[in-house]
Amino acid sequence: MFRKILIANRGEIACRVMDTARKMGIKTVAVYSEADATSRHVQMADEAVLLGPAEVSESYLKADKILDIAKMTGAEAIHPGYGFLSENAEFADKCEKEGVVFIGPPSDAIRAMGLKDAAKAMMEEANVPVVPGYHGEDQDPDMLAKEAERIGYPVLIKAVAGGGGKGMRRVDSAAEFPDALGGAQREAANAFGDDRVLIEKFLVKPRHIEIQVFADGQGNAVHLFERDCSLQRRHQKVIEEAPAPGMPVSMREAMGAAAVAAAKAINYEGAGTVEFIADVSDGLKEDGFFFMEMNTRLQVEHPVTELITGQDLVEWQLIVASGGALPVTQDELSISGHSFEARLYAEDPHNDFLPATGPLLRLRAPAEVNGVRVDTGVREGDNVTPFYDPMIAKLVVWDENRDAALRKLGAALGNYQVAGLVTNLEFLKNVAASKSFADADLDTGFIDRFRDELIPEKPPVTNHHLALVSLWQVLTEAEEKAAIAADSNDPYSPWNDTSSWRMNDRAHHDYTFAGNEGDIDVMVSSEDGKYIIDVAGSEILSSATLLEDGSLRADLDGHIVQASVVRDDNRYIVIFDGKQVEINRVVNDFDGTGDDGGAGAITSPMPGKIIQMAVAAGDTVAKGDTLAVMEAMKMEHSLTAAADGTVAEVYYEVGDQVDEGELLIRLEAEEEG
């Protein structure tokens with residue numbers, strides 16, 4: 001077994017590998033970018049070495065530098081995690097040449113599955129069923145359009161290289177095909193350096209079911225059953241579960257056998273996932289699934305497989321990579337209970353799940369007890385940057401059956417607290433509470449089908465929310481003043497008084513907050529140890545205490561509640577009753593600044609890079625026209641016109657980096673009449 005390994009990755013997967021390595025007595029070396037200098041994976045490792053600037057091309061993709069660091073630190077092997085170099089056959093070759101073990105499959109296996117078109121042809125030879133489509137070398141746009149017509153709409157354009165939803169477009173008609181093809185090719189070229197695509201029939205009601213496979217260097221191969229990953233947005237998974245609900249035993253056996261056959265066909269070693277698409281128009285059945293692709297690495301969702309099988313897949317990786325045999329045979333593997341994994345992301349479900357950046361001002365995970373597990377690479381106070389995937393954590397739960405596991409997932413999500421930037425936490429809670437999800441009415445279009453239920457309007461700000469913010473502010477100010485007074489040479493100075501004493505008036509604190517229909521004034525006064533809170537003329541009698549963890553326990557007219565309030569300058573996030581709302585305090589803008597550019601302002605929804613500017617000053621545009629395309633967090637995002645108009649000014653060019661909220665384009669509305 002290895003004495004020391006290097007983890008060529010970051011975030012939660014680097015921390016996950018370190019957890020198992022530590023249990024096995026293996027020392028770890030972390031590598032990190034300048035943006036990750038204080039990150040959790042750096043703190044967890046036995047030693048860490050700087051790679052370079054934040055950009056992945058200058059840090060986590062520096063294969064030669066990572067190899068040099070491995071040799072310098074005496075690491076015998078490199079674990080690539082997932083993403084970055086994990087499916088890079090050239091890197092695997094370099095490791096072998098330099099005498100460093102690559103903890104993953106042989107480079108030939110990576111190459112065989114790395115190009116989706118060649119992989120599908122190989123699977124057909126191995127008698128693994130594949131989705132009807134075009135997987136040829138000819139990339140002429142007219143020819144691809146003809147192939148799409150032959151296959152029949154709707155079709156799915158997919159990048160030949162890579163995965164993760166990048167370079168992928170659904171197309172419903174011939175008219176949409178040219179633009180969709182161009183977008184998929186650009187995104188594929190940016191993400192993988194390869195703009196080739198394939199075209200597949202898009203199944204109208206598909207379920208995404210994958211099989212975890214494992215093979216060693218001694219000819220043994222097993223599968224560890226299936227995972228259902230049908231709940232997706234932007235072609236990326238959000239919630240996974242194992243086993244797949246409603247899976248017939250005959251189908252499980254057929255899929256498992258097909259997955260093992262796929263692994264053996266390419267002389268596979270290590271952990272891999274064979275992804276299938278199942279047509280559930282007529283229910284799950286053993287002849288209704290098709291090969292999509294094979295991921296030649298450990299998957300993000302591997303924890304659900306670990307929880308239903310009782311196996312540590314990272315430990316298996318280390319055993320196999322060091323020359324050992326698989327720890328168990330197929331007959332010794334069985335399914336126990338049910339597991340869910342929910343991916344907590346910094347992203348905005350109300351804005352098409354666009355990624356978000358910013359500080360984690362509050363991050364409190366549920367306790368990891370009684371079948372609850374949290375895999376994360378960040379801590380409270382860390383920043384989610386635009387350079388990497390915006391995942392905050394993976395919440396994984398296990399219980400004896402699906403219903404019990406789903407209840408546990410809902411409860412654990414209810415105990416999660418994240419504030420400081422927008423996340424998908426409320427969305428995940430809504431999924432866990434959905435009757436349709438509980439009934440396993442699943443397919444990859446689930447989120448779109450139930451969008452109104454899963455992404456409802458944001459909860460309104462109530463008088464109780466305003467009262468809680470005001471009480472928290474009063475008590476916090478009092479604590480701060482008391483601390484200053486205690487450290488002062490004159491603790492009885494009137495400047496340290498917190499009573500808000502006023503001549504001929506009851507002591508009170510005044511605040512103004514922004515409401516949906518105008519500003520709302522709140523006055524908090526105290527009398528006989530109680531607080532009287534006047535919210536726009538309506539009074540609430542209250543008492544309140546700040547608890548040790550910073551939360552607030554308050555009695556509001558006899559209703560005793562507990563809430564958390566997080567402040568970011570003049571923005572407050574109130575976490576109460578399992579939900580959170582944002583409240584902005586109004587501060588007079590005496591210098592007259594703050595103009596957002598009006599309705600004709602096209603601003604950047606996140607930090608990113610301009611990769612296409614489709615308009616110039618003077619151009620006439622119609623509502624819905626694409627004005628610019630940004631690349632952020634490894635995905636393309638199109639910015640469109642909200643109304644007809646004329647481009648008055650363009651402020652940035654292709655290649656420019658822009659911050660969130662930057663004014664990119666100014667439109668003048670089309671005059672009526």
# chains A, B, ... in the order shown; residues from 1 in each chain; ligands from 1
$ select_by_dssp --residues "range 261-291 of chain A" --states "strand (DSSP E)" --output "number ranges by chain"
A: 270-279, 289-291
$ closest_atom_pairs --of "range 8-82 of chain A" --to "range 92-103 of chain A" --cutoff "7 Å" --atoms "only C-alpha atoms" --output "tab-separated table"
residue	atom	partner	partner_atom	distance
A:Glu76	CA	A:Val100	CA	5.5
A:Ala77	CA	A:Val101	CA	4.3
A:Ile78	CA	A:Phe102	CA	5.3
A:His79	CA	A:Ile103	CA	5.0
$ write_last_selection --atoms "N, CA and C atoms" --output "PDB file, in the first residue's frame"
ATOM      1  N   GLU A  76       3.905   8.609  -3.946  1.00  0.00           N
ATOM      2  CA  GLU A  76       4.032   7.449  -4.837  1.00  0.00           C
ATOM      3  C   GLU A  76       2.907   7.371  -5.857  1.00  0.00           C
ATOM      4  N   ALA A  77       1.824   8.072  -5.600  1.00  0.00           N
ATOM      5  CA  ALA A  77       0.652   7.983  -6.477  1.00  0.00           C
ATOM      6  C   ALA A  77      -0.091   9.312  -6.480  1.00  0.00           C
ATOM      7  N   ILE A  78      -0.895   9.514  -7.532  1.00  0.00           N
ATOM      8  CA  ILE A  78      -1.710  10.725  -7.672  1.00  0.00           C
ATOM      9  C   ILE A  78      -3.167  10.321  -7.817  1.00  0.00           C
ATOM     10  N   HIS A  79      -4.007  10.848  -6.927  1.00  0.00           N
ATOM     11  CA  HIS A  79      -5.459  10.666  -7.059  1.00  0.00           C
ATOM     12  C   HIS A  79      -6.014  11.918  -7.734  1.00  0.00           C
TER      13      HIS A  79
END
$ residues_around --residues "range 642-657 of chain A" --least-positions-apart "2" --cutoff "12 Å" --atoms "only C-alpha atoms" --output "ChimeraX atom specification"
/A:386-387,597,599-604,606-632,639-640,659-660,662-672
$ write_last_selection --atoms "C-alpha atoms" --output "JSON list (two decimals), in the first residue's frame"
[["chain", "number", "residue", "atom", "x", "y", "z"],
["A", 386, "PRO", "CA", -16.08, 32.39, -10.23],
["A", 387, "PHE", "CA", -13.09, 30.17, -11.01],
["A", 597, "GLY", "CA", -29.02, 52.28, -15.78],
["A", 599, "ALA", "CA", -34.70, 49.07, -17.90],
["A", 600, "GLY", "CA", -32.40, 49.27, -20.91],
["A", 601, "ALA", "CA", -29.35, 48.25, -18.93],
["A", 602, "ILE", "CA", -27.92, 44.83, -19.78],
["A", 603, "THR", "CA", -25.75, 43.88, -16.82],
["A", 604, "SER", "CA", -23.55, 40.91, -16.05],
["A", 606, "MET", "CA", -22.19, 37.00, -12.52],
["A", 607, "PRO", "CA", -18.43, 37.43, -12.85],
["A", 608, "GLY", "CA", -17.24, 36.00, -16.16],
["A", 609, "LYS", "CA", -15.66, 36.52, -19.56],
["A", 610, "ILE", "CA", -17.28, 37.97, -22.69],
["A", 611, "ILE", "CA", -16.87, 35.36, -25.44],
["A", 612, "GLN", "CA", -19.28, 36.81, -28.01],
["A", 613, "MET", "CA", -20.64, 40.32, -28.56],
["A", 614, "ALA", "CA", -23.48, 40.03, -31.06],
["A", 615, "VAL", "CA", -24.37, 43.72, -31.37],
["A", 616, "ALA", "CA", -22.79, 47.12, -31.90],
["A", 617, "ALA", "CA", -23.95, 50.66, -31.15],
["A", 618, "GLY", "CA", -26.77, 51.64, -33.49],
["A", 619, "ASP", "CA", -28.07, 48.11, -34.08],
["A", 620, "THR", "CA", -31.80, 47.51, -33.87],
["A", 621, "VAL", "CA", -32.80, 44.50, -31.77],
["A", 622, "ALA", "CA", -36.02, 42.65, -31.01],
["A", 623, "LYS", "CA", -37.16, 41.20, -27.72],
["A", 624, "GLY", "CA", -35.39, 37.87, -27.12],
["A", 625, "ASP", "CA", -32.44, 38.57, -29.44],
["A", 626, "THR", "CA", -29.06, 37.41, -28.15],
["A", 627, "LEU", "CA", -26.92, 40.46, -27.38],
["A", 628, "ALA", "CA", -23.84, 38.83, -25.85],
["A", 629, "VAL", "CA", -22.59, 35.49, -24.60],
["A", 630, "MET", "CA", -20.62, 35.11, -21.38],
["A", 631, "GLU", "CA", -18.56, 32.22, -20.08],
["A", 632, "ALA", "CA", -18.64, 31.71, -16.32],
["A", 639, "LEU", "CA", -27.79, 37.68, -22.48],
["A", 640, "THR", "CA", -30.92, 38.68, -24.39],
["A", 659, "ASP", "CA", -17.69, 41.54, -12.51],
["A", 660, "GLU", "CA", -21.25, 40.79, -11.41],
["A", 662, "GLU", "CA", -21.31, 45.48, -14.53],
["A", 663, "LEU", "CA", -23.21, 47.46, -17.19],
["A", 664, "LEU", "CA", -22.40, 45.71, -20.48],
["A", 665, "ILE", "CA", -24.85, 47.17, -23.00],
["A", 666, "ARG", "CA", -27.31, 50.07, -22.87],
["A", 667, "LEU", "CA", -30.49, 49.89, -24.95],
["A", 668, "GLU", "CA", -32.89, 52.63, -25.88],
["A", 669, "ALA", "CA", -36.49, 51.44, -26.00],
["A", 670, "GLU", "CA", -38.34, 51.58, -29.30],
["A", 671, "GLU", "CA", -40.55, 54.63, -29.38],
["A", 672, "GLU", "CA", -44.27, 53.99, -29.64]]
$ residues_around --residues "range 120-126 of chain A" --least-positions-apart "5" --cutoff "12 Å" --atoms "only C-alpha atoms" --output "PyMOL selection string"
chain A and resi 109+111-115+131-136+160+198-200+257-266+274-276+290-294
$ write_last_selection --atoms "C-alpha atoms" --output "CSV table (one decimal), in the first residue's frame"
chain,number,residue,atom,x,y,z
A,109,ALA,CA,-9.4,2.8,-21.3
A,111,ARG,CA,-9.2,7.1,-24.5
A,112,ALA,CA,-11.7,4.4,-25.4
A,113,MET,CA,-14.4,6.1,-23.4
A,114,GLY,CA,-13.3,9.7,-23.8
A,115,LEU,CA,-14.9,10.2,-27.2
A,131,VAL,CA,-29.4,5.2,-28.3
A,132,PRO,CA,-30.1,5.8,-32.0
A,133,GLY,CA,-28.0,8.6,-33.4
A,134,TYR,CA,-25.1,9.9,-35.5
A,135,HIS,CA,-21.6,9.3,-34.1
A,136,GLY,CA,-19.6,9.9,-37.3
A,160,VAL,CA,-17.9,14.3,-28.3
A,198,LEU,CA,-22.6,13.8,-31.9
A,199,ILE,CA,-26.4,13.7,-32.3
A,200,GLU,CA,-28.8,11.4,-30.5
A,257,ALA,CA,-24.3,-7.3,-16.7
A,258,ALA,CA,-24.2,-4.7,-19.5
A,259,ALA,CA,-22.1,-2.4,-17.4
A,260,VAL,CA,-19.6,-5.1,-16.5
A,261,ALA,CA,-19.4,-6.1,-20.2
A,262,ALA,CA,-18.6,-2.5,-21.1
A,263,ALA,CA,-15.8,-2.4,-18.5
A,264,LYS,CA,-14.3,-5.7,-19.6
A,265,ALA,CA,-14.5,-4.6,-23.3
A,266,ILE,CA,-11.9,-1.9,-22.6
A,274,VAL,CA,-21.6,3.3,-17.0
A,275,GLU,CA,-24.4,5.8,-17.7
A,276,PHE,CA,-27.7,4.6,-19.3
A,290,PHE,CA,-29.5,2.4,-23.7
A,291,PHE,CA,-25.8,3.2,-23.2
A,292,MET,CA,-25.0,6.9,-23.0
A,293,GLU,CA,-21.3,7.1,-21.9
A,294,MET,CA,-18.8,5.8,-19.4
$ select_by_dssp --residues "range 179-317 of chain A" --states "helix (DSSP H, G or I)" --output "PyMOL selection string"
chain A and resi 179-192+249-265+302-309+313-317
$ closest_residue --among "A:Leu231, A:Leu156, A:Ala405, A:Leu425" --to "Asp448 in chain A" --atoms "only C-alpha atoms"
A:Leu231
$ residues_around --residues "range 340-343 of chain A" --least-positions-apart "4" --cutoff "10 Å" --atoms "only C-alpha atoms" --output "ChimeraX atom specification"
/A:227-229,237-243,300-305,307-308,372-375,391-399,402,405-406,408-409,413,424-425,428-429,431-432
$ residues_around --residues "Lys4 in chain A" --least-positions-apart "4" --cutoff "8 Å" --atoms "only C-alpha atoms" --output "mmCIF file with C-alpha atoms, in the first residue's frame"
data_model
loop_
_atom_site.group_PDB
_atom_site.id
_atom_site.type_symbol
_atom_site.label_atom_id
_atom_site.label_comp_id
_atom_site.auth_asym_id
_atom_site.auth_seq_id
_atom_site.Cartn_x
_atom_site.Cartn_y
_atom_site.Cartn_z
ATOM 1 C CA ILE A 26 -1.591 7.203 4.172
ATOM 2 C CA LYS A 27 -0.085 10.706 4.190
ATOM 3 C CA THR A 28 -1.513 13.262 1.754
ATOM 4 C CA VAL A 29 -0.142 16.120 -0.325
ATOM 5 C CA GLY A 74 7.856 11.703 -2.395
ATOM 6 C CA ALA A 75 4.227 10.910 -3.289
ATOM 7 C CA GLU A 76 4.032 7.449 -4.837
ATOM 8 C CA ALA A 77 0.652 7.983 -6.477
#
$ closest_residue --among "A:Met168, A:Val566, A:Val461, A:Asp441" --to "Leu363 in chain A" --atoms "only C-alpha atoms"
A:Val566
$ atom_distance --atom1 "CA of Ile560 in chain A" --atom2 "CA of His464 in chain A"
11.2 Å
$ residues_around --residues "range 471-488 of chain A" --least-positions-apart "6" --cutoff "10 Å" --atoms "only C-alpha atoms" --output "ChimeraX atom specification"
/A:465,494-499,508-511,524-525,531-533,542-546,550-554,563-567,572
$ write_last_selection --atoms "C-alpha atoms" --output "JSON list (two decimals), in the first residue's frame"
[["chain", "number", "residue", "atom", "x", "y", "z"],
["A", 465, "HIS", "CA", -39.50, 39.08, 9.87],
["A", 494, "PRO", "CA", -22.91, 58.57, 28.27],
["A", 495, "TRP", "CA", -21.35, 57.71, 24.90],
["A", 496, "ASN", "CA", -21.43, 54.08, 25.96],
["A", 497, "ASP", "CA", -25.08, 54.16, 27.00],
["A", 498, "THR", "CA", -27.35, 51.69, 25.15],
["A", 499, "SER", "CA", -30.72, 52.67, 26.58],
["A", 508, "HIS", "CA", -36.65, 53.90, 21.06],
["A", 509, "HIS", "CA", -34.64, 52.71, 18.06],
["A", 510, "ASP", "CA", -35.79, 53.62, 14.55],
["A", 511, "TYR", "CA", -35.12, 51.61, 11.40],
["A", 524, "VAL", "CA", -38.47, 49.46, 18.78],
["A", 525, "SER", "CA", -39.07, 50.88, 22.26],
["A", 531, "TYR", "CA", -39.97, 45.52, 23.74],
["A", 532, "ILE", "CA", -42.76, 47.25, 21.88],
["A", 533, "ILE", "CA", -42.23, 46.96, 18.14],
["A", 542, "SER", "CA", -41.98, 41.11, 22.58],
["A", 543, "SER", "CA", -39.10, 39.85, 24.68],
["A", 544, "ALA", "CA", -35.93, 38.47, 23.14],
["A", 545, "THR", "CA", -32.53, 36.94, 23.90],
["A", 546, "LEU", "CA", -29.42, 36.36, 21.83],
["A", 550, "GLY", "CA", -25.77, 33.90, 17.60],
["A", 551, "SER", "CA", -29.39, 32.98, 16.96],
["A", 552, "LEU", "CA", -32.32, 34.88, 18.40],
["A", 553, "ARG", "CA", -35.07, 33.51, 20.65],
["A", 554, "ALA", "CA", -38.06, 35.81, 20.74],
["A", 563, "ALA", "CA", -34.46, 32.55, 14.19],
["A", 564, "SER", "CA", -31.04, 33.38, 12.82],
["A", 565, "VAL", "CA", -30.17, 36.78, 11.40],
["A", 566, "VAL", "CA", -27.10, 37.33, 9.25],
["A", 567, "ARG", "CA", -26.03, 40.86, 8.39],
["A", 572, "TYR", "CA", -30.10, 41.11, 6.40]]
